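Just upload11.csv here, CSV, C-alpha atoms:
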chain,number,residue,atom,x,y,z
A,1,MET,CA,0.0,0.0,0.0
A,2,PRO,CA,1.6,3.4,-1.0
A,3,ALA,CA,2.3,6.0,1.7
A,4,ASP,CA,-0.3,8.7,2.0
A,5,GLU,CA,-0.5,12.0,3.9
A,6,SER,CA,-2.6,10.9,6.9
A,7,GLY,CA,-3.2,7.1,6.9
A,8,THR,CA,-6.2,5.2,8.0
A,9,ILE,CA,-6.6,3.5,11.4
A,10,MET,CA,-9.2,1.3,13.0
A,11,VAL,CA,-9.4,1.4,16.8
A,12,PHE,CA,-11.1,-1.6,18.5
A,13,ALA,CA,-12.5,-0.1,21.7
A,14,PRO,CA,-15.0,-2.7,22.8
A,15,VAL,CA,-16.6,-1.1,25.9
A,16,PRO,CA,-15.8,2.7,26.1
A,17,LEU,CA,-16.4,4.7,29.3
A,18,LEU,CA,-18.2,7.8,30.3
A,19,THR,CA,-15.7,9.9,32.3
A,20,VAL,CA,-16.8,12.4,34.8
A,21,THR,CA,-14.0,14.5,36.4
A,22,ILE,CA,-14.3,17.3,39.0
A,23,GLU,CA,-11.7,20.0,38.7
A,24,GLN,CA,-11.0,23.2,40.6
A,25,GLN,CA,-10.5,26.4,38.7
A,26,SER,CA,-10.4,29.9,40.1
A,27,GLY,CA,-11.8,28.8,43.4
A,28,GLU,CA,-14.9,27.2,41.8
A,29,PRO,CA,-15.5,23.5,41.0
A,30,GLU,CA,-15.8,22.5,37.3
A,31,LEU,CA,-17.4,19.3,36.0
A,32,HIS,CA,-16.0,17.7,32.8
A,33,VAL,CA,-17.9,15.0,31.0
A,34,HIS,CA,-16.2,13.1,28.1
A,35,PRO,CA,-16.2,9.8,26.4
A,36,GLY,CA,-13.1,7.9,27.5
A,37,GLY,CA,-11.3,4.6,28.0
A,38,GLN,CA,-8.1,3.4,26.4
A,39,GLY,CA,-9.4,3.0,22.9
A,40,ILE,CA,-11.0,6.5,22.8
A,41,TRP,CA,-7.9,8.1,24.2
A,42,GLN,CA,-5.9,6.4,21.5
A,43,ALA,CA,-8.3,7.3,18.7
A,44,ARG,CA,-8.3,11.0,19.9
A,45,MET,CA,-4.6,11.2,19.7
A,46,CYS,CA,-4.4,9.5,16.3
A,47,ALA,CA,-6.9,12.0,14.9
A,48,GLY,CA,-5.0,14.8,16.4
A,49,LEU,CA,-1.9,13.6,14.5
A,50,GLY,CA,-3.8,13.7,11.2
A,51,ALA,CA,-4.9,10.1,10.8
A,52,SER,CA,-8.3,9.1,9.5
A,53,VAL,CA,-9.8,7.1,12.4
A,54,THR,CA,-12.7,4.6,12.6
A,55,LEU,CA,-13.7,3.7,16.2
A,56,CYS,CA,-15.5,0.4,16.7
A,57,ALA,CA,-17.3,0.1,20.0
A,58,ALA,CA,-20.3,-1.4,21.8
A,59,VAL,CA,-22.5,1.0,23.8
A,60,GLY,CA,-25.6,0.4,25.9
A,61,GLY,CA,-28.0,1.7,28.4
A,62,GLU,CA,-28.5,5.3,29.5
A,63,ILE,CA,-24.7,5.8,29.8
A,64,GLY,CA,-24.2,4.5,26.3
A,65,GLU,CA,-26.6,7.0,24.9
A,66,VAL,CA,-24.6,9.8,26.5
A,67,ILE,CA,-21.3,8.3,25.2
A,68,SER,CA,-22.8,8.1,21.7
A,69,LEU,CA,-23.9,11.8,21.8
A,70,LEU,CA,-20.5,13.0,23.0
A,71,LEU,CA,-18.6,10.9,20.4
A,72,ARG,CA,-20.2,13.1,17.7
A,73,ASP,CA,-17.9,15.9,18.8
A,74,GLU,CA,-14.8,13.8,18.3
A,75,GLN,CA,-12.9,14.0,15.0
A,76,ILE,CA,-13.4,10.3,14.3
A,77,GLU,CA,-15.8,8.1,12.5
A,78,VAL,CA,-17.8,5.9,14.9
A,79,ARG,CA,-19.1,2.5,14.2
A,80,ALA,CA,-21.2,1.7,17.3
A,81,VAL,CA,-23.0,-1.5,18.1
A,82,HIS,CA,-26.0,-0.7,20.4
A,83,ARG,CA,-26.8,-3.3,23.1
A,84,MET,CA,-29.2,-3.5,26.0
A,85,SER,CA,-26.7,-3.8,28.9
A,86,GLY,CA,-24.9,-0.8,30.3
A,87,SER,CA,-21.7,0.9,29.3
A,88,GLY,CA,-18.9,1.7,31.8
A,89,TRP,CA,-18.2,4.9,33.6
A,90,TYR,CA,-16.0,6.5,36.3
A,91,ILE,CA,-16.1,9.6,38.5
A,92,HIS,CA,-12.8,11.2,39.5
A,93,ASP,CA,-12.2,14.1,41.8
A,94,ARG,CA,-9.1,16.3,41.0
A,95,ARG,CA,-9.9,19.4,43.0
A,96,ASP,CA,-6.8,19.0,45.2
A,97,GLY,CA,-4.5,18.4,42.3
A,98,SER,CA,-4.4,14.6,42.7
A,99,ARG,CA,-6.8,12.1,41.0
A,100,ASP,CA,-9.1,10.5,43.6
A,101,GLU,CA,-11.5,7.7,42.3
A,102,VAL,CA,-15.0,8.4,43.7
A,103,ALA,CA,-16.7,5.5,42.0
A,104,ASP,CA,-16.4,3.4,38.8
A,105,HIS,CA,-18.0,0.6,36.7
A,106,ALA,CA,-16.2,-1.1,33.9
A,107,GLY,CA,-19.3,-2.0,32.0
A,108,GLU,CA,-21.3,-5.2,31.6
A,109,PRO,CA,-19.6,-8.1,29.8
A,110,LEU,CA,-20.3,-8.3,26.1
A,111,GLY,CA,-22.9,-11.0,25.3
A,112,ARG,CA,-22.5,-13.4,22.4
A,113,HIS,CA,-24.8,-11.6,19.9
A,114,ASP,CA,-23.4,-8.2,20.7
A,115,LEU,CA,-19.9,-9.6,20.4
A,116,ASP,CA,-20.6,-11.1,17.0
A,117,GLU,CA,-21.9,-7.8,15.7
A,118,LEU,CA,-18.9,-5.9,17.1
A,119,TYR,CA,-16.4,-8.4,15.8
A,120,SER,CA,-17.9,-8.2,12.3
A,121,THR,CA,-17.9,-4.4,12.4
A,122,ALA,CA,-14.3,-4.2,13.6
A,123,LEU,CA,-13.1,-6.8,11.1
A,124,ALA,CA,-14.7,-4.9,8.1
A,125,ALA,CA,-13.3,-1.6,9.3
A,126,GLY,CA,-9.9,-3.1,10.0
A,127,MET,CA,-9.6,-4.6,6.6
A,128,ARG,CA,-10.3,-1.2,5.1
A,129,SER,CA,-7.5,0.4,7.2
A,130,ARG,CA,-3.8,0.4,7.0
A,131,VAL,CA,-3.4,-0.1,10.8
A,132,SER,CA,-5.6,-1.5,13.5
A,133,ILE,CA,-5.2,-0.7,17.2
A,134,LEU,CA,-6.5,-3.3,19.6
A,135,SER,CA,-7.2,-1.7,23.0
A,136,GLY,CA,-8.3,-3.4,26.1
A,137,PRO,CA,-11.4,-3.1,28.3
A,138,ALA,CA,-11.5,-1.4,31.7
A,139,ALA,CA,-11.8,-4.8,33.4
A,140,PRO,CA,-10.6,-8.2,32.1
A,141,ASP,CA,-14.0,-9.9,32.3
A,142,VAL,CA,-15.7,-7.4,30.0
A,143,VAL,CA,-14.3,-9.0,26.8
A,144,ALA,CA,-12.9,-12.5,26.5
A,145,PRO,CA,-9.2,-12.7,25.6
A,146,GLU,CA,-10.1,-15.1,22.7
A,147,VAL,CA,-11.7,-12.2,20.8
A,148,TYR,CA,-8.3,-10.5,20.6
A,149,ARG,CA,-6.5,-13.6,19.4
A,150,ARG,CA,-9.1,-14.1,16.6
A,151,LEU,CA,-9.1,-10.4,15.6
A,152,ALA,CA,-5.3,-10.1,15.5
A,153,ALA,CA,-5.0,-13.3,13.4
A,154,ASP,CA,-7.8,-12.4,11.0
A,155,LEU,CA,-6.6,-8.8,10.4
A,156,GLY,CA,-3.0,-9.9,10.0
A,157,ALA,CA,-3.9,-12.7,7.6
A,158,ASN,CA,-5.7,-10.1,5.4
A,159,GLY,CA,-2.7,-7.7,5.1
A,160,GLY,CA,-3.4,-5.3,8.0
A,161,THR,CA,-0.8,-4.0,10.4
A,162,VAL,CA,-1.9,-4.8,14.0
A,163,VAL,CA,-0.8,-2.6,16.9
A,164,ALA,CA,-1.8,-3.7,20.4
A,165,ASP,CA,-1.6,-2.2,23.9
A,166,LEU,CA,-2.8,-4.9,26.2
A,167,SER,CA,-1.9,-6.8,29.4
A,168,GLY,CA,-2.6,-10.0,31.2
A,169,ASP,CA,-4.6,-12.8,29.4
A,170,HIS,CA,-5.5,-10.3,26.7
A,171,LEU,CA,-1.8,-9.8,25.9
A,172,THR,CA,-1.2,-13.6,25.8
A,173,ALA,CA,-4.1,-14.0,23.4
A,174,VAL,CA,-3.0,-11.3,21.0
A,175,LEU,CA,0.5,-12.7,20.9
A,176,GLU,CA,-1.0,-16.0,19.9
A,177,GLY,CA,-2.8,-14.3,17.1
A,178,GLY,CA,0.2,-12.3,16.0
A,179,VAL,CA,0.8,-8.6,16.4
A,180,ASP,CA,3.1,-6.4,14.4
A,181,PHE,CA,3.8,-3.8,17.1
A,182,LEU,CA,3.2,-4.3,20.9
A,183,LYS,CA,3.3,-1.5,23.4
A,184,VAL,CA,3.4,-2.6,27.1
A,185,SER,CA,4.4,-1.0,30.4
A,186,HIS,CA,7.1,-2.5,32.6
A,187,GLU,CA,4.7,-2.5,35.5
A,188,GLU,CA,2.2,-4.7,33.5
A,189,LEU,CA,5.0,-7.1,32.6
A,190,ILE,CA,6.1,-7.4,36.3
A,191,ASP,CA,2.6,-7.8,37.6
A,192,ALA,CA,1.9,-10.6,35.1
A,193,GLY,CA,5.1,-12.4,36.1
A,194,ARG,CA,6.6,-12.0,32.6
A,195,ALA,CA,9.5,-9.8,33.8
A,196,THR,CA,11.5,-10.8,36.9
A,197,GLY,CA,12.5,-7.2,37.7
A,198,ASP,CA,12.7,-3.7,36.4
A,199,SER,CA,16.3,-3.5,35.3
A,200,VAL,CA,17.1,-2.8,31.6
A,201,GLU,CA,18.6,-6.2,31.2
A,202,GLU,CA,15.6,-8.0,32.6
A,203,LEU,CA,13.2,-6.0,30.5
A,204,VAL,CA,15.2,-6.6,27.4
A,205,ASP,CA,15.1,-10.3,28.0
A,206,THR,CA,11.3,-10.0,28.5
A,207,GLY,CA,11.0,-8.1,25.2
A,208,ARG,CA,12.9,-10.8,23.4
A,209,ASP,CA,10.5,-13.4,24.8
A,210,LEU,CA,7.5,-11.3,23.6
A,211,ARG,CA,9.0,-11.3,20.1
A,212,LYS,CA,9.4,-15.0,20.2
A,213,GLN,CA,5.8,-15.4,21.3
A,214,GLY,CA,4.3,-13.4,18.4
A,215,ALA,CA,5.2,-9.7,18.5
A,216,GLY,CA,7.0,-8.2,15.5
A,217,SER,CA,8.4,-5.2,17.4
A,218,VAL,CA,8.0,-4.3,21.1
A,219,LEU,CA,8.1,-0.9,22.9
A,220,ILE,CA,8.2,-1.1,26.8
A,221,SER,CA,7.3,2.1,28.5
A,222,ARG,CA,8.9,2.7,31.9
A,223,ALA,CA,7.1,5.7,33.5
A,224,ASP,CA,9.6,8.6,33.8
A,225,GLN,CA,12.5,6.4,32.7
A,226,PRO,CA,13.7,5.8,29.1
A,227,GLY,CA,11.6,3.2,27.3
A,228,ILE,CA,13.0,0.1,25.7
A,229,ALA,CA,12.4,-0.7,22.0
A,230,LEU,CA,13.1,-4.0,20.3
A,231,ILE,CA,12.6,-3.4,16.6
A,232,ASP,CA,12.7,-6.3,14.2
A,233,ASP,CA,16.0,-8.2,14.7
A,234,GLU,CA,18.0,-5.1,15.6
A,235,GLU,CA,19.9,-4.5,18.8
A,236,PRO,CA,17.6,-3.2,21.6
A,237,LEU,CA,17.3,0.6,22.0
A,238,LEU,CA,16.8,3.0,24.8
A,239,VAL,CA,14.1,5.5,24.0
A,240,GLU,CA,15.1,8.7,25.8
A,241,LEU,CA,12.3,11.2,26.2
A,242,PRO,CA,12.4,15.0,26.7
A,243,SER,CA,12.1,16.1,30.3
A,244,LEU,CA,8.8,17.9,30.9
A,245,GLN,CA,6.8,18.8,34.0
A,246,VAL,CA,4.0,16.3,34.8
A,247,VAL,CA,0.4,17.4,35.3
A,248,ASP,CA,-1.2,14.0,34.9
A,249,HIS,CA,0.7,10.8,34.0
A,250,ARG,CA,-2.5,8.9,33.0
A,251,GLY,CA,-2.9,8.4,29.3
A,252,ALA,CA,0.8,8.7,28.4
A,253,GLY,CA,1.0,5.1,27.3
A,254,ASP,CA,-2.2,5.3,25.2
A,255,SER,CA,-0.8,8.4,23.5
A,256,MET,CA,2.5,6.6,22.9
A,257,THR,CA,0.6,3.7,21.2
A,258,ALA,CA,-1.4,6.2,19.1
A,259,GLY,CA,1.8,8.1,18.0
A,260,VAL,CA,3.3,4.8,16.8
A,261,ALA,CA,0.1,3.8,14.9
A,262,ALA,CA,-0.3,7.3,13.3
A,263,VAL,CA,3.2,7.1,11.7
A,264,LEU,CA,2.8,3.5,10.6
A,265,ALA,CA,-0.6,4.4,9.1
A,266,ARG,CA,0.9,7.0,6.8
A,267,GLY,CA,3.7,4.6,5.7
A,268,GLY,CA,6.4,6.0,8.0
A,269,LYS,CA,9.4,4.1,9.2
A,270,ILE,CA,9.3,2.2,12.4
A,271,HIS,CA,12.1,4.2,14.1
A,272,GLU,CA,10.2,7.4,13.4
A,273,ALA,CA,7.0,5.8,14.7
A,274,VAL,CA,8.8,5.0,18.0
A,275,ARG,CA,10.2,8.5,18.4
A,276,THR,CA,6.7,10.0,17.6
A,277,GLY,CA,5.1,7.7,20.1
A,278,ALA,CA,7.5,8.7,22.8
A,279,ALA,CA,6.9,12.4,22.0
A,280,ALA,CA,3.2,12.0,22.1
A,281,GLY,CA,3.3,10.2,25.5
A,282,ALA,CA,5.7,12.8,26.9
A,283,LEU,CA,3.4,15.7,25.8
A,284,ASN,CA,0.3,14.1,27.2
A,285,VAL,CA,1.6,14.2,30.8
A,286,THR,CA,1.8,18.0,30.6
A,287,ARG,CA,-2.0,18.2,30.0
A,288,HIS,CA,-5.2,17.5,31.9
A,289,GLY,CA,-7.0,16.0,28.9
A,290,LEU,CA,-6.2,12.3,28.1
A,291,GLY,CA,-5.2,11.5,24.6
A,292,THR,CA,-4.7,15.1,23.7
A,293,GLY,CA,-1.8,17.3,22.4
A,294,ARG,CA,-1.1,19.6,19.5
A,295,LYS,CA,0.5,18.0,16.5
A,296,GLU,CA,3.1,20.8,16.1
A,297,ALA,CA,4.3,20.3,19.7
A,298,ILE,CA,4.6,16.5,19.2
A,299,THR,CA,6.5,17.2,16.0
A,300,GLU,CA,9.0,19.4,17.8
A,301,LEU,CA,9.4,16.9,20.7
A,302,THR,CA,9.9,14.1,18.2
A,303,LYS,CA,13.2,15.8,17.2
A,304,ARG,CA,14.4,15.6,20.8
A,305,VAL,CA,13.7,11.9,21.3
A,306,ARG,CA,16.9,9.8,21.2
A,307,LEU,CA,17.2,6.2,20.3
A,308,SER,CA,20.4,4.8,21.8
A,309,PRO,CA,21.8,1.3,21.5
A,310,ILE,CA,21.8,-0.5,24.8
A,311,GLY,CA,25.1,-1.7,26.1
Would you give me this structure, written as structure tokens?
Amino acid sequence: MPADESGTIMVFAPVPLLTVTIEQQSGEPELHVHPGGQGIWQARMCAGLGASVTLCAAVGGEIGEVISLLLRDEQIEVRAVHRMSGSGWYIHDRRDGSRDEVADHAGEPLGRHDLDELYSTALAAGMRSRVSILSGPAAPDVVAPEVYRRLAADLGANGGTVVADLSGDHLTAVLEGGVDFLKVSHEELIDAGRATGDSVEELVDTGRDLRKQGAGSVLISRADQPGIALIDDEEPLLVELPSLQVVDHRGAGDSMTAGVAAVLARGGKIHEAVRTGAAAGALNVTRHGLGTGRKEAITELTKRVRLSPIG
């Protein structure tokens, strides 16, 4: 497929959330209501970087109706499957500067009929796109891991590039299906028992194992430390990010995944994709909004991301 200016991306966001956040501005409380969840944050950043994005999601209940209305304001095409059971949500209080979780609900698990409809919708949209991002649910039991294995395998077999940002059993499943580019945090690898520690050497070994298990290239994020990239069969690289003041660390990993996908979707090289992903993640922590950031700022930050051979 020839390179184009923007690229096309399908984002599989099976059960998005309604996010309600209370902020404090000029001595008065402010209420912010947005559609959210990993897939929506990724789709938002991809669109901000100029990609043409199709979001495939299932929404239901009263909360789902609100999510559907709010999604109309996003610069993305939405292919929604409407179901009877409720969508997920959360309420966070940020009035003191930190993020306190007041209450949350990950959403009802997808039933067989709804899942069949969503799978067909995502498969069709993914086959029309250069890149597909497979994002995870807010809780593991909302969507069965097997869905990710099948979708990764079917999209890959039909010429698509599959990018995934998953953990736990969902990560295991997508590796079995085959994934071109995997983004994962070092905390998730340690929690799952895949990594024995957080040293560079241990994480490089884990990244090599992930490649043997089905990932083409791997990017391991490490919070405020340099990331680790294993690209094809090259030597591992440290991904050194620009130093910026943190406002909210949440969403940085999702922006990183989106930056990678946006470059691959327009036919860019994988090293450029890693640098852009790192820049998008770095910029996101300077903002209150998740999956946000101006393209020109990310472009400038990309120039300051260094890829250095390890060892």
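If only C-alpha atoms are the atoms counted, then among A:Leu115, A:Ala47, A:Ile22, A:Ala125 the closest residue to A:Asp93 is A:Ile22.
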For A:Gly159, work out the shell of residues within 9 Å, counting only C-alpha atoms and skipping chain neighbours fewer than 2 positions away, then give it as number ranges by chain. A: 127, 130, 155-157, 161
Which residues come within 9 Å of stretch 27-44 of chain A, counting all atoms listed in the file, excluding same-chain residues fewer than 4 positions away, as a ChimeraX atom specification? /A:9-23,48-49,53-55,57,66-68,70-71,74-76,88-89,95,133-138,165,251,254-259,290-292
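Across A:Thr302, A:Leu238, A:Ala215, A:Pro145, the tightest approach to A:Val263 is made by A:Thr302 when counting only C-alpha atoms.
Between atom CA of A:Leu241 and atom CA of A:Asp224 there is a distance of 8.5 Å.
You can rank A:Glu108, A:Glu65, A:Asp233, A:Asp154 by their closest distance to A:Leu123 using all atoms listed in the file, and at the top of that list sits A:Asp154.
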Which of A:Pro140, A:Gly216, A:Gly60, A:Gly197 sits closest to A:Gly177 [using only C-alpha atoms]: A:Gly216
Pick from A:His92, A:Arg83, A:Arg211, A:Arg149, whichever lies nearest to A:Asp180 using only C-alpha atoms: A:Arg211
Box time for stretch 36-50 of chain A: axis-aligned, enclosing all its listed atoms, 5 Å extra on each side; report centre and edge lengths in Å to one decimal, as lines of an AutoDock Vina configuration file.
center_x = -7.5
center_y = 8.9
center_z = 19.6
size_x = 21.2
size_y = 21.8
size_z = 26.8
For A:Pro309, the closest of A:Leu237, A:Leu189, A:Asp141, A:Arg294 counting all atoms listed in the file is A:Leu237
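Atom pair atom CA of A:Val59 / atom CA of A:His82 has a distance of 5.2 Å (rounded to one decimal).
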Please provide as a list of chain:residue names all residues within 6 Å of A:Lys183, with the sequence filter that same-chain residues fewer than 6 positions apart are discarded (counting all atoms listed in the file). A:Asp165, A:Val218, A:Leu219, A:Ile220
Using all atoms listed in the file, which protein or nucleic acid residues come within 9 Å of A:Tyr119? Drop anything in the same chain fewer than 4 positions from it, and give the result as a VMD selection string. chain A and resid 56 114 to 115 123 to 124 147 151
Long-range neighbours of A:Glu187 as a PDB file with C-alpha atoms, in the frame of the given file, 10 Å cut-off, all atoms listed in the file, 2 positions minimum in chain:
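Below is the file that was written, result17.pdb:
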ATOM      1  CA  SER A 167      -1.900  -6.800  29.400  1.00  0.00           C
ATOM      2  CA  VAL A 184       3.400  -2.600  27.100  1.00  0.00           C
ATOM      3  CA  SER A 185       4.400  -1.000  30.400  1.00  0.00           C
ATOM      4  CA  LEU A 189       5.000  -7.100  32.600  1.00  0.00           C
ATOM      5  CA  ILE A 190       6.100  -7.400  36.300  1.00  0.00           C
ATOM      6  CA  ASP A 191       2.600  -7.800  37.600  1.00  0.00           C
ATOM      7  CA  ALA A 192       1.900 -10.600  35.100  1.00  0.00           C
ATOM      8  CA  GLY A 193       5.100 -12.400  36.100  1.00  0.00           C
ATOM      9  CA  ALA A 195       9.500  -9.800  33.800  1.00  0.00           C
ATOM     10  CA  GLY A 197      12.500  -7.200  37.700  1.00  0.00           C
ATOM     11  CA  ASP A 198      12.700  -3.700  36.400  1.00  0.00           C
ATOM     12  CA  ILE A 220       8.200  -1.100  26.800  1.00  0.00           C
ATOM     13  CA  SER A 221       7.300   2.100  28.500  1.00  0.00           C
ATOM     14  CA  ARG A 222       8.900   2.700  31.900  1.00  0.00           C
ATOM     15  CA  ALA A 223       7.100   5.700  33.500  1.00  0.00           C
TER      16      ALA A 223
END
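Relative to atom CA of A:Ala152, atom CA of A:Ala173 is found at 8.9 Å.
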For stretch 57-132 of chain A of the block above, can you save C-alpha atoms as a compact mmCIF listing (two decimals), in the first residue's frame?
# COMPACT_ATOMS: atom_id res chain seq x y z
CA ALA A 57 -17.28 0.07 20.01
CA ALA A 58 -20.34 -1.35 21.77
CA VAL A 59 -22.48 1.04 23.81
CA GLY A 60 -25.58 0.37 25.87
CA GLY A 61 -28.04 1.69 28.41
CA GLU A 62 -28.48 5.29 29.48
CA ILE A 63 -24.73 5.79 29.84
CA GLY A 64 -24.20 4.45 26.33
CA GLU A 65 -26.62 7.01 24.92
CA VAL A 66 -24.59 9.82 26.49
CA ILE A 67 -21.33 8.34 25.18
CA SER A 68 -22.80 8.15 21.67
CA LEU A 69 -23.87 11.80 21.78
CA LEU A 70 -20.48 12.98 23.02
CA LEU A 71 -18.61 10.95 20.41
CA ARG A 72 -20.21 13.12 17.72
CA ASP A 73 -17.90 15.94 18.81
CA GLU A 74 -14.78 13.84 18.28
CA GLN A 75 -12.91 14.04 14.96
CA ILE A 76 -13.40 10.34 14.33
CA GLU A 77 -15.81 8.06 12.51
CA VAL A 78 -17.76 5.91 14.94
CA ARG A 79 -19.13 2.45 14.17
CA ALA A 80 -21.20 1.67 17.26
CA VAL A 81 -23.03 -1.53 18.13
CA HIS A 82 -25.96 -0.72 20.40
CA ARG A 83 -26.78 -3.25 23.11
CA MET A 84 -29.20 -3.48 26.02
CA SER A 85 -26.69 -3.81 28.87
CA GLY A 86 -24.94 -0.78 30.31
CA SER A 87 -21.72 0.90 29.32
CA GLY A 88 -18.94 1.69 31.78
CA TRP A 89 -18.17 4.93 33.59
CA TYR A 90 -16.03 6.55 36.26
CA ILE A 91 -16.11 9.63 38.51
CA HIS A 92 -12.78 11.19 39.51
CA ASP A 93 -12.15 14.15 41.82
CA ARG A 94 -9.12 16.29 40.96
CA ARG A 95 -9.91 19.38 43.02
CA ASP A 96 -6.83 19.01 45.23
CA GLY A 97 -4.50 18.36 42.28
CA SER A 98 -4.36 14.57 42.65
CA ARG A 99 -6.78 12.12 41.05
CA ASP A 100 -9.13 10.48 43.56
CA GLU A 101 -11.46 7.74 42.32
CA VAL A 102 -14.96 8.39 43.67
CA ALA A 103 -16.71 5.48 41.95
CA ASP A 104 -16.42 3.45 38.76
CA HIS A 105 -18.00 0.65 36.75
CA ALA A 106 -16.16 -1.12 33.92
CA GLY A 107 -19.35 -1.96 32.02
CA GLU A 108 -21.31 -5.16 31.59
CA PRO A 109 -19.56 -8.08 29.84
CA LEU A 110 -20.34 -8.34 26.13
CA GLY A 111 -22.91 -11.01 25.29
CA ARG A 112 -22.54 -13.41 22.38
CA HIS A 113 -24.84 -11.60 19.93
CA ASP A 114 -23.38 -8.16 20.69
CA LEU A 115 -19.87 -9.56 20.40
CA ASP A 116 -20.63 -11.14 17.03
CA GLU A 117 -21.88 -7.79 15.72
CA LEU A 118 -18.92 -5.88 17.11
CA TYR A 119 -16.42 -8.41 15.77
CA SER A 120 -17.87 -8.20 12.25
CA THR A 121 -17.89 -4.40 12.42
CA ALA A 122 -14.27 -4.22 13.58
CA LEU A 123 -13.09 -6.81 11.07
CA ALA A 124 -14.65 -4.94 8.15
CA ALA A 125 -13.29 -1.57 9.30
CA GLY A 126 -9.87 -3.07 10.01
CA MET A 127 -9.62 -4.65 6.57
CA ARG A 128 -10.27 -1.21 5.06
CA SER A 129 -7.55 0.40 7.21
CA ARG A 130 -3.78 0.40 7.00
CA VAL A 131 -3.37 -0.07 10.77
CA SER A 132 -5.63 -1.52 13.48
